[in-house]
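Written below as structure tokens is the structure these notes are about.
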Amino acid sequence: MTYWIWRARRVNKAIFTALLLFVPILCQANSISRVTLLLSSKQPVYQLVAKSIHSSLHSSADIEEYTIDSINNISEPPEIVLTIGSTAFEKALNKFKASPIIASFLPRRVYEELLERTLRKPNNTTAVFIDQSMSRQLALARLIVPTGVTIGTVFGASSIHERERLYHAAKKTGFNIKSVALNSDDNPVNTLQPVIQESDVFLAIPDQSAFNRASAKWSLFLALRLKKPLIGFSEKYVDAGALAAVFSSPQQIGKHAAETLNTYLETEVLVGPAHPKYFTVKTNLKSIQTINIQMDDAVILQQQLGDSH
């Protein structure tokens with residue numbers, strides 16, 4: 001009889017221990033975080049970011065997806081908001097005053113300008129930008145022209161705010177800067193030609209001004225004619241003739257945004273705003289031949305750029 005009492009006590013103890021191990025799992029299942037994913041529109045590019053976020057998220061979360069057209073269907077303040085695009089971020093700032101927000105797929109300067117208009121706490125908002133850091137772009141320029149001394153660029157009405165970051169990155173990479181401000185009533189050719197001609201490499205910086213397309217087109221034309229390497233800011237710019245560019249795809253930005261969300265769900269801490277962790281380097285073979293420059297191919301450049309950052 002003593003044996004059976006001892007055996008019963010052992011079984012009860014095992015069951016009790018199993019229940020203790022199961023309770024935290026049960027509690028965790030009942031405390032799954034609710035994430036509000038807000039897209040600027042239903043355009044495919046935003047949906048690509050959203051799809052990447054869904055596939056890259058490994059934390060337990062219930063994701064409710066909306067566009068700005070359906071934002072009024074969100075009845076309760078979200079536990080955490082992840083926005084895709086500038087418009088979605090602006091709408092979220094105005095509607096969700098207290099909810100933490102992770103912004104994604106928007107330019108750094110747009111994020112900063114929108115944030116300045118609000119009274120939100122700095123530790124309650126963060127972002128994964130769409131644009132590359134100046135240091136990464138100039139690191140690419142240095143890989144392409146190892147002995148280059150001067151890097152040229154042109155600033156427009158909105159890109160002028162990038163001037164300080166450019167000069168800081170140039171100091172780190174050993175470049176002198178030759179730049180000029182291009183106003184809407186300036187002649188693009190007369191303004192751009194001396195800058196490109198006197199530079200070892202030209203960096204095209206995107207600008208939201210109305211004349212941005214014209215200046216980008218003329219920069220490309222002059223750089224090829226003067227046989228100067230031009231570093232672009234997008235894949236399409238490389239396809240149009242830029243020598244090279246470093247950029248991040250919607251999928252890459254979505255993956256980084258999901259990792260930022262994972263960190264918050266696991267620690268309740270928002271990491272600081274950041275340029276994309278994942279990126280791609282692309283080159284234009286025809287432009288390389290036109291300029292007659294010796295340089296590594298895109299795969300090697302991307303590897304070198306990743307190793308240095």
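Lettering and numbering for the structure tokens are positional, with chains as A, B, ... in the shown order, residues counted from 1 in each chain, and ligands counted from 1 in the shown order.
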Near region 293-309 of chain A, within 6 Å and counting only C-alpha atoms, which residues show up once chain neighbours fewer than 4 positions away are dropped, as a CSV table (one decimal) with C-alpha atoms, in the first residue's frame?
chain,number,residue,atom,x,y,z
A,144,ILE,CA,33.9,53.4,-57.4
A,281,VAL,CA,23.6,47.9,-55.4
A,282,LYS,CA,23.0,48.1,-59.1
A,283,THR,CA,25.3,49.3,-62.0
A,288,ILE,CA,30.5,52.0,-67.4
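Counting only C-alpha atoms, region 33-48 of chain A has the following residues at most 6 Å away, ignoring those fewer than 3 positions along the same chain: Lys51, Ala61, Asp62, Ile63, Glu64, Glu65, Tyr66, Thr67, Ile68, Ile80, Val81, Leu82, Thr83, Ile84, Gly85, Thr87, Ala88 and Pro250 of chain A.
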Writer output for current selection, N, CA and C atoms, as a PDB file, in the first residue's frame:
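Output file selection09.pdb is given in full below:
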ATOM      1  N   LYS A  51       3.208  42.900 -47.270  1.00  0.00           N
ATOM      2  CA  LYS A  51       3.409  41.456 -47.409  1.00  0.00           C
ATOM      3  C   LYS A  51       4.726  41.031 -46.776  1.00  0.00           C
ATOM      4  N   ALA A  61       1.396  38.103 -32.792  1.00  0.00           N
ATOM      5  CA  ALA A  61       0.666  39.357 -32.912  1.00  0.00           C
ATOM      6  C   ALA A  61      -0.556  39.168 -33.792  1.00  0.00           C
ATOM      7  N   ASP A  62      -1.598  39.889 -33.463  1.00  0.00           N
ATOM      8  CA  ASP A  62      -2.807  39.914 -34.277  1.00  0.00           C
ATOM      9  C   ASP A  62      -2.769  41.189 -35.106  1.00  0.00           C
ATOM     10  N   ILE A  63      -2.515  41.058 -36.414  1.00  0.00           N
ATOM     11  CA  ILE A  63      -2.342  42.223 -37.280  1.00  0.00           C
ATOM     12  C   ILE A  63      -3.661  42.583 -37.955  1.00  0.00           C
ATOM     13  N   GLU A  64      -4.098  43.823 -37.738  1.00  0.00           N
ATOM     14  CA  GLU A  64      -5.298  44.343 -38.402  1.00  0.00           C
ATOM     15  C   GLU A  64      -4.848  45.373 -39.433  1.00  0.00           C
ATOM     16  N   GLU A  65      -5.163  45.133 -40.695  1.00  0.00           N
ATOM     17  CA  GLU A  65      -4.652  45.971 -41.783  1.00  0.00           C
ATOM     18  C   GLU A  65      -5.723  46.937 -42.286  1.00  0.00           C
ATOM     19  N   TYR A  66      -5.319  48.212 -42.432  1.00  0.00           N
ATOM     20  CA  TYR A  66      -6.215  49.261 -42.904  1.00  0.00           C
ATOM     21  C   TYR A  66      -5.472  50.131 -43.921  1.00  0.00           C
ATOM     22  N   THR A  67      -6.245  50.880 -44.710  1.00  0.00           N
ATOM     23  CA  THR A  67      -5.700  51.983 -45.501  1.00  0.00           C
ATOM     24  C   THR A  67      -6.243  53.263 -44.893  1.00  0.00           C
ATOM     25  N   ILE A  68      -5.728  54.408 -45.349  1.00  0.00           N
ATOM     26  CA  ILE A  68      -6.197  55.672 -44.774  1.00  0.00           C
ATOM     27  C   ILE A  68      -7.676  55.904 -45.072  1.00  0.00           C
ATOM     28  N   ILE A  80      -0.167  49.378 -30.926  1.00  0.00           N
ATOM     29  CA  ILE A  80       1.011  49.796 -31.684  1.00  0.00           C
ATOM     30  C   ILE A  80       0.569  49.977 -33.133  1.00  0.00           C
ATOM     31  N   VAL A  81       1.049  51.030 -33.787  1.00  0.00           N
ATOM     32  CA  VAL A  81       0.708  51.309 -35.179  1.00  0.00           C
ATOM     33  C   VAL A  81       1.976  51.220 -36.028  1.00  0.00           C
ATOM     34  N   LEU A  82       1.886  50.519 -37.149  1.00  0.00           N
ATOM     35  CA  LEU A  82       2.987  50.477 -38.111  1.00  0.00           C
ATOM     36  C   LEU A  82       2.444  51.058 -39.415  1.00  0.00           C
ATOM     37  N   THR A  83       2.970  52.207 -39.818  1.00  0.00           N
ATOM     38  CA  THR A  83       2.476  52.879 -41.020  1.00  0.00           C
ATOM     39  C   THR A  83       3.396  52.610 -42.201  1.00  0.00           C
ATOM     40  N   ILE A  84       2.806  52.613 -43.400  1.00  0.00           N
ATOM     41  CA  ILE A  84       3.560  52.420 -44.636  1.00  0.00           C
ATOM     42  C   ILE A  84       3.295  53.613 -45.542  1.00  0.00           C
ATOM     43  N   GLY A  85       4.315  54.453 -45.764  1.00  0.00           N
ATOM     44  CA  GLY A  85       4.171  55.646 -46.588  1.00  0.00           C
ATOM     45  C   GLY A  85       3.960  56.909 -45.764  1.00  0.00           C
ATOM     46  N   THR A  87       1.797  59.494 -46.160  1.00  0.00           N
ATOM     47  CA  THR A  87       0.417  59.878 -45.869  1.00  0.00           C
ATOM     48  C   THR A  87      -0.130  59.096 -44.689  1.00  0.00           C
ATOM     49  N   ALA A  88       0.162  57.811 -44.633  1.00  0.00           N
ATOM     50  CA  ALA A  88      -0.306  56.988 -43.519  1.00  0.00           C
ATOM     51  C   ALA A  88       0.304  57.462 -42.202  1.00  0.00           C
ATOM     52  N   PRO A 250      10.944  47.611 -51.616  1.00  0.00           N
ATOM     53  CA  PRO A 250       9.842  47.567 -50.648  1.00  0.00           C
ATOM     54  C   PRO A 250       9.932  46.349 -49.732  1.00  0.00           C
TER      55      PRO A 250
END
Between CA of Ser219 (chain A) and CA of Leu192 (chain A) lies a distance of 6.7 Å
Could you pull out the strand (DSSP E) residues of region 42-157 of chain A, going by DSSP on the backbone, and write them as an mmCIF file with N, CA, C and O atoms, in the first residue's frame?
data_model
loop_
_atom_site.group_PDB
_atom_site.id
_atom_site.type_symbol
_atom_site.label_atom_id
_atom_site.label_comp_id
_atom_site.auth_asym_id
_atom_site.auth_seq_id
_atom_site.Cartn_x
_atom_site.Cartn_y
_atom_site.Cartn_z
ATOM 1 N N ALA A 61 1.396 38.103 -32.792
ATOM 2 C CA ALA A 61 0.666 39.357 -32.912
ATOM 3 C C ALA A 61 -0.556 39.168 -33.792
ATOM 4 O O ALA A 61 -0.549 38.361 -34.726
ATOM 5 N N ASP A 62 -1.598 39.889 -33.463
ATOM 6 C CA ASP A 62 -2.807 39.914 -34.277
ATOM 7 C C ASP A 62 -2.769 41.189 -35.106
ATOM 8 O O ASP A 62 -2.910 42.296 -34.573
ATOM 9 N N ILE A 63 -2.515 41.058 -36.414
ATOM 10 C CA ILE A 63 -2.342 42.223 -37.280
ATOM 11 C C ILE A 63 -3.661 42.583 -37.955
ATOM 12 O O ILE A 63 -4.256 41.756 -38.651
ATOM 13 N N GLU A 64 -4.098 43.823 -37.738
ATOM 14 C CA GLU A 64 -5.298 44.343 -38.402
ATOM 15 C C GLU A 64 -4.848 45.373 -39.433
ATOM 16 O O GLU A 64 -4.217 46.368 -39.089
ATOM 17 N N GLU A 65 -5.163 45.133 -40.695
ATOM 18 C CA GLU A 65 -4.652 45.971 -41.783
ATOM 19 C C GLU A 65 -5.723 46.937 -42.286
ATOM 20 O O GLU A 65 -6.863 46.557 -42.525
ATOM 21 N N TYR A 66 -5.319 48.212 -42.432
ATOM 22 C CA TYR A 66 -6.215 49.261 -42.904
ATOM 23 C C TYR A 66 -5.472 50.131 -43.921
ATOM 24 O O TYR A 66 -4.245 50.138 -43.972
ATOM 25 N N THR A 67 -6.245 50.880 -44.710
ATOM 26 C CA THR A 67 -5.700 51.983 -45.501
ATOM 27 C C THR A 67 -6.243 53.263 -44.893
ATOM 28 O O THR A 67 -7.144 53.240 -44.038
ATOM 29 N N ILE A 80 -0.167 49.378 -30.926
ATOM 30 C CA ILE A 80 1.011 49.796 -31.684
ATOM 31 C C ILE A 80 0.569 49.977 -33.133
ATOM 32 O O ILE A 80 -0.196 49.173 -33.659
ATOM 33 N N VAL A 81 1.049 51.030 -33.787
ATOM 34 C CA VAL A 81 0.708 51.309 -35.179
ATOM 35 C C VAL A 81 1.976 51.220 -36.028
ATOM 36 O O VAL A 81 3.000 51.800 -35.669
ATOM 37 N N LEU A 82 1.886 50.519 -37.149
ATOM 38 C CA LEU A 82 2.987 50.477 -38.111
ATOM 39 C C LEU A 82 2.444 51.058 -39.415
ATOM 40 O O LEU A 82 1.544 50.497 -40.024
ATOM 41 N N THR A 83 2.970 52.207 -39.818
ATOM 42 C CA THR A 83 2.476 52.879 -41.020
ATOM 43 C C THR A 83 3.396 52.610 -42.201
ATOM 44 O O THR A 83 4.603 52.417 -42.043
ATOM 45 N N ILE A 84 2.806 52.613 -43.400
ATOM 46 C CA ILE A 84 3.560 52.420 -44.636
ATOM 47 C C ILE A 84 3.295 53.613 -45.542
ATOM 48 O O ILE A 84 2.176 53.802 -46.018
ATOM 49 N N ILE A 101 4.086 54.566 -32.554
ATOM 50 C CA ILE A 101 4.024 54.478 -34.012
ATOM 51 C C ILE A 101 5.398 54.117 -34.571
ATOM 52 O O ILE A 101 6.406 54.723 -34.215
ATOM 53 N N ILE A 102 5.403 53.126 -35.464
ATOM 54 C CA ILE A 102 6.580 52.817 -36.269
ATOM 55 C C ILE A 102 6.247 53.229 -37.701
ATOM 56 O O ILE A 102 5.359 52.646 -38.328
ATOM 57 N N ALA A 103 6.920 54.242 -38.207
ATOM 58 C CA ALA A 103 6.705 54.686 -39.583
ATOM 59 C C ALA A 103 7.679 53.953 -40.497
ATOM 60 O O ALA A 103 8.806 53.657 -40.111
ATOM 61 N N SER A 104 7.230 53.665 -41.718
ATOM 62 C CA SER A 104 8.125 53.003 -42.669
ATOM 63 C C SER A 104 7.845 53.496 -44.077
ATOM 64 O O SER A 104 6.786 54.050 -44.358
ATOM 65 N N PHE A 105 8.851 53.310 -44.940
ATOM 66 C CA PHE A 105 8.722 53.602 -46.367
ATOM 67 C C PHE A 105 8.411 55.083 -46.616
ATOM 68 O O PHE A 105 7.516 55.430 -47.380
ATOM 69 N N LEU A 106 9.188 55.950 -45.983
ATOM 70 C CA LEU A 106 9.056 57.393 -46.187
ATOM 71 C C LEU A 106 10.430 58.035 -46.047
ATOM 72 O O LEU A 106 11.294 57.507 -45.343
ATOM 73 N N THR A 125 7.855 57.177 -30.933
ATOM 74 C CA THR A 125 7.766 57.149 -32.390
ATOM 75 C C THR A 125 9.137 56.807 -32.980
ATOM 76 O O THR A 125 10.165 57.287 -32.492
ATOM 77 N N THR A 126 9.132 55.989 -34.020
ATOM 78 C CA THR A 126 10.378 55.669 -34.708
ATOM 79 C C THR A 126 10.077 55.402 -36.176
ATOM 80 O O THR A 126 8.934 55.492 -36.602
ATOM 81 N N ALA A 127 11.112 55.088 -36.956
ATOM 82 C CA ALA A 127 10.897 54.928 -38.399
ATOM 83 C C ALA A 127 11.976 54.074 -39.041
ATOM 84 O O ALA A 127 13.103 53.959 -38.541
ATOM 85 N N VAL A 128 11.603 53.474 -40.174
ATOM 86 C CA VAL A 128 12.544 52.866 -41.109
ATOM 87 C C VAL A 128 12.387 53.639 -42.411
ATOM 88 O O VAL A 128 11.341 53.576 -43.050
ATOM 89 N N PHE A 129 13.390 54.404 -42.762
ATOM 90 C CA PHE A 129 13.291 55.326 -43.898
ATOM 91 C C PHE A 129 13.374 54.588 -45.230
ATOM 92 O O PHE A 129 13.831 53.449 -45.302
ATOM 93 N N THR A 150 37.072 65.069 -55.285
ATOM 94 C CA THR A 150 35.907 65.951 -55.196
ATOM 95 C C THR A 150 34.624 65.245 -55.624
ATOM 96 O O THR A 150 34.596 64.586 -56.664
ATOM 97 N N ILE A 151 33.594 65.398 -54.817
ATOM 98 C CA ILE A 151 32.276 64.886 -55.177
ATOM 99 C C ILE A 151 31.338 66.080 -55.335
ATOM 100 O O ILE A 151 31.298 66.973 -54.496
ATOM 101 N N GLY A 152 30.644 66.120 -56.454
ATOM 102 C CA GLY A 152 29.758 67.235 -56.733
ATOM 103 C C GLY A 152 28.302 66.854 -56.551
ATOM 104 O O GLY A 152 27.926 65.687 -56.654
ATOM 105 N N THR A 153 27.481 67.856 -56.285
ATOM 106 C CA THR A 153 26.042 67.629 -56.182
ATOM 107 C C THR A 153 25.315 68.961 -56.353
ATOM 108 O O THR A 153 25.937 70.029 -56.334
ATOM 109 N N VAL A 154 24.006 68.876 -56.515
ATOM 110 C CA VAL A 154 23.177 70.071 -56.623
ATOM 111 C C VAL A 154 22.023 69.934 -55.653
ATOM 112 O O VAL A 154 21.435 68.854 -55.510
ATOM 113 N N PHE A 155 21.729 71.015 -54.949
ATOM 114 C CA PHE A 155 20.636 71.019 -53.984
ATOM 115 C C PHE A 155 19.447 71.794 -54.532
ATOM 116 O O PHE A 155 19.609 72.832 -55.175
#
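The environment of Ala170 (chain A) within 10 Å, counting only C-alpha atoms and disregarding residues fewer than 4 places along the same chain, consists of Met134, Ser135, Gln137, Leu138, Ala139, Arg142, Thr150, Ile151, Glu164, Arg165, Leu166, Gly174, Phe175, Asn176 and Ile177 of chain A.
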What does the file look like for those residues with all heavy atoms, as a short mmCIF file (atom, residue, chain, number, x, y, z; two decimals), in the first residue's frame?
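Below is the file that was written, result_14.cif:
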data_model
loop_
_atom_site.label_atom_id
_atom_site.label_comp_id
_atom_site.auth_asym_id
_atom_site.auth_seq_id
_atom_site.Cartn_x
_atom_site.Cartn_y
_atom_site.Cartn_z
N MET A 134 23.60 59.21 -46.16
CA MET A 134 24.66 59.86 -46.93
C MET A 134 25.98 59.09 -46.80
O MET A 134 26.74 58.99 -47.77
CB MET A 134 24.85 61.30 -46.47
CG MET A 134 23.78 62.25 -46.96
SD MET A 134 23.85 62.44 -48.76
CE MET A 134 22.47 63.54 -49.03
N SER A 135 26.24 58.55 -45.64
CA SER A 135 27.50 57.83 -45.44
C SER A 135 27.56 56.58 -46.32
O SER A 135 28.62 56.25 -46.86
CB SER A 135 27.65 57.45 -43.96
OG SER A 135 26.59 56.61 -43.55
N GLN A 137 25.97 56.19 -49.25
CA GLN A 137 26.08 56.62 -50.64
C GLN A 137 27.50 57.07 -50.97
O GLN A 137 28.04 56.77 -52.04
CB GLN A 137 25.09 57.75 -50.91
CG GLN A 137 23.64 57.29 -50.85
CD GLN A 137 22.68 58.41 -51.19
OE1 GLN A 137 22.49 58.75 -52.35
NE2 GLN A 137 22.07 59.01 -50.17
N LEU A 138 28.12 57.80 -50.03
CA LEU A 138 29.49 58.25 -50.27
C LEU A 138 30.49 57.12 -50.13
O LEU A 138 31.55 57.14 -50.77
CB LEU A 138 29.84 59.42 -49.35
CG LEU A 138 29.63 60.80 -50.00
CD1 LEU A 138 28.17 61.03 -50.31
CD2 LEU A 138 30.16 61.91 -49.10
N ALA A 139 30.16 56.13 -49.33
CA ALA A 139 31.01 54.93 -49.27
C ALA A 139 31.00 54.21 -50.61
O ALA A 139 32.03 53.70 -51.07
CB ALA A 139 30.53 54.01 -48.15
N ARG A 142 33.17 56.17 -52.96
CA ARG A 142 34.59 55.93 -52.69
C ARG A 142 35.04 54.59 -53.27
O ARG A 142 36.17 54.46 -53.76
CB ARG A 142 34.82 55.98 -51.17
CG ARG A 142 36.25 55.67 -50.73
CD ARG A 142 37.26 56.53 -51.46
NE ARG A 142 37.23 57.92 -51.02
CZ ARG A 142 37.73 58.94 -51.71
NH1 ARG A 142 38.29 58.70 -52.91
NH2 ARG A 142 37.69 60.17 -51.26
N THR A 150 37.07 65.07 -55.28
CA THR A 150 35.91 65.95 -55.20
C THR A 150 34.62 65.25 -55.62
O THR A 150 34.60 64.59 -56.66
CB THR A 150 36.10 67.20 -56.08
OG1 THR A 150 37.30 67.87 -55.68
CG2 THR A 150 34.92 68.15 -55.93
N ILE A 151 33.59 65.40 -54.82
CA ILE A 151 32.28 64.89 -55.18
C ILE A 151 31.34 66.08 -55.33
O ILE A 151 31.30 66.97 -54.50
CB ILE A 151 31.74 63.88 -54.13
CG1 ILE A 151 30.44 63.24 -54.61
CG2 ILE A 151 31.56 64.52 -52.77
CD1 ILE A 151 30.06 62.00 -53.82
N GLU A 164 24.07 69.35 -44.46
CA GLU A 164 24.92 69.08 -43.30
C GLU A 164 25.31 67.61 -43.23
O GLU A 164 26.47 67.28 -42.94
CB GLU A 164 24.18 69.49 -42.02
CG GLU A 164 25.02 69.34 -40.76
CD GLU A 164 24.31 69.83 -39.52
OE1 GLU A 164 23.30 70.57 -39.65
OE2 GLU A 164 24.76 69.48 -38.41
N ARG A 165 24.37 66.71 -43.52
CA ARG A 165 24.66 65.28 -43.49
C ARG A 165 25.66 64.91 -44.59
O ARG A 165 26.51 64.05 -44.41
CB ARG A 165 23.37 64.47 -43.66
CG ARG A 165 22.41 64.61 -42.49
CD ARG A 165 21.26 63.62 -42.59
NE ARG A 165 20.30 63.84 -41.52
CZ ARG A 165 19.13 64.45 -41.66
NH1 ARG A 165 18.77 64.88 -42.86
NH2 ARG A 165 18.32 64.62 -40.65
N LEU A 166 25.54 65.56 -45.75
CA LEU A 166 26.46 65.29 -46.86
C LEU A 166 27.88 65.71 -46.47
O LEU A 166 28.84 64.95 -46.70
CB LEU A 166 26.02 66.03 -48.11
CG LEU A 166 26.96 65.93 -49.32
CD1 LEU A 166 27.08 64.48 -49.78
CD2 LEU A 166 26.48 66.81 -50.47
N GLY A 174 36.63 61.17 -46.98
CA GLY A 174 37.77 61.84 -47.59
C GLY A 174 37.48 62.58 -48.87
O GLY A 174 38.37 62.77 -49.70
N PHE A 175 36.24 63.03 -49.05
CA PHE A 175 35.87 63.82 -50.23
C PHE A 175 35.77 65.30 -49.90
O PHE A 175 35.37 65.69 -48.79
CB PHE A 175 34.50 63.38 -50.77
CG PHE A 175 34.52 62.14 -51.61
CD1 PHE A 175 33.94 60.97 -51.15
CD2 PHE A 175 35.11 62.15 -52.87
CE1 PHE A 175 33.94 59.83 -51.94
CE2 PHE A 175 35.12 61.01 -53.66
CZ PHE A 175 34.53 59.84 -53.19
N ASN A 176 36.13 66.12 -50.86
CA ASN A 176 35.76 67.54 -50.83
C ASN A 176 34.43 67.68 -51.56
O ASN A 176 34.16 66.95 -52.51
CB ASN A 176 36.83 68.40 -51.52
CG ASN A 176 38.16 68.36 -50.80
OD1 ASN A 176 38.21 68.28 -49.57
ND2 ASN A 176 39.25 68.40 -51.55
N ILE A 177 33.63 68.63 -51.13
CA ILE A 177 32.31 68.82 -51.72
C ILE A 177 32.30 70.06 -52.62
O ILE A 177 32.76 71.13 -52.23
CB ILE A 177 31.22 69.00 -50.64
CG1 ILE A 177 31.10 67.73 -49.80
CG2 ILE A 177 29.88 69.34 -51.27
CD1 ILE A 177 30.54 66.54 -50.54
#
*From the DSSP assignment of the backbone, select every residue of region 116-298 of chain A that is helix (DSSP H, G or I), and format the answer as JSON, numbers by chain.*
{"A": [116, 122, 123, 124, 134, 135, 136, 137, 138, 139, 140, 141, 142, 143, 144, 159, 160, 161, 162, 163, 164, 165, 166, 167, 168, 169, 170, 171, 172, 173, 188, 189, 190, 191, 192, 193, 194, 195, 196, 197, 212, 213, 214, 215, 216, 217, 218, 219, 220, 221, 222, 223, 224, 225, 235, 236, 237, 238, 239, 240, 250, 251, 252, 253, 254, 255, 256, 257, 258, 259, 260, 261, 262, 263, 264, 265, 266, 267, 285, 286, 287, 288, 289, 290, 291, 298]}
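Using only C-alpha atoms for every distance, the candidate list A:Ser159, A:Glu76, A:Ala223, A:Gln208 yields A:Ala223 as the residue closest to Pro194 (chain A).
Restricting the calculation to only C-alpha atoms, the smallest distance between Glu116 (chain A) and any of A:Ala258, A:Pro100, A:Leu93, A:Thr173 is found for A:Leu93.
In this structure, CA of Arg163 (chain A) sits 19.0 Å away from CA of Val246 (chain A).
Straight-line separation from CA of Ser199 (chain A) to CA of Pro146 (chain A): 13.7 Å.
Nearest-residue note for His256 (chain A): choosing from A:Phe96, A:Tyr237, A:Tyr278, A:Phe202, the minimum distance belongs to A:Tyr278, counting only C-alpha atoms.
The protein and nucleic acid residues lying at most 8 Å from Ala157 (chain A) are Leu182, Asn183, Asp207, Gln208 and Ser209 of chain A, with only C-alpha atoms considered and sequence neighbours fewer than 6 positions away removed.
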- request: For Gly241 (chain A), list every protein, DNA or RNA residue within 7 Å, evaluated using only C-alpha atoms, and leave out those in the same chain fewer than 3 positions away; present the list as a ChimeraX atom specification.
  value: /A:220,237-238,284,287
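Shortest atom-to-atom contact with Ala216 (chain A) among A:Val195, A:Leu270, A:Ala242, A:Ala50: A:Ala242, counting only C-alpha atoms.
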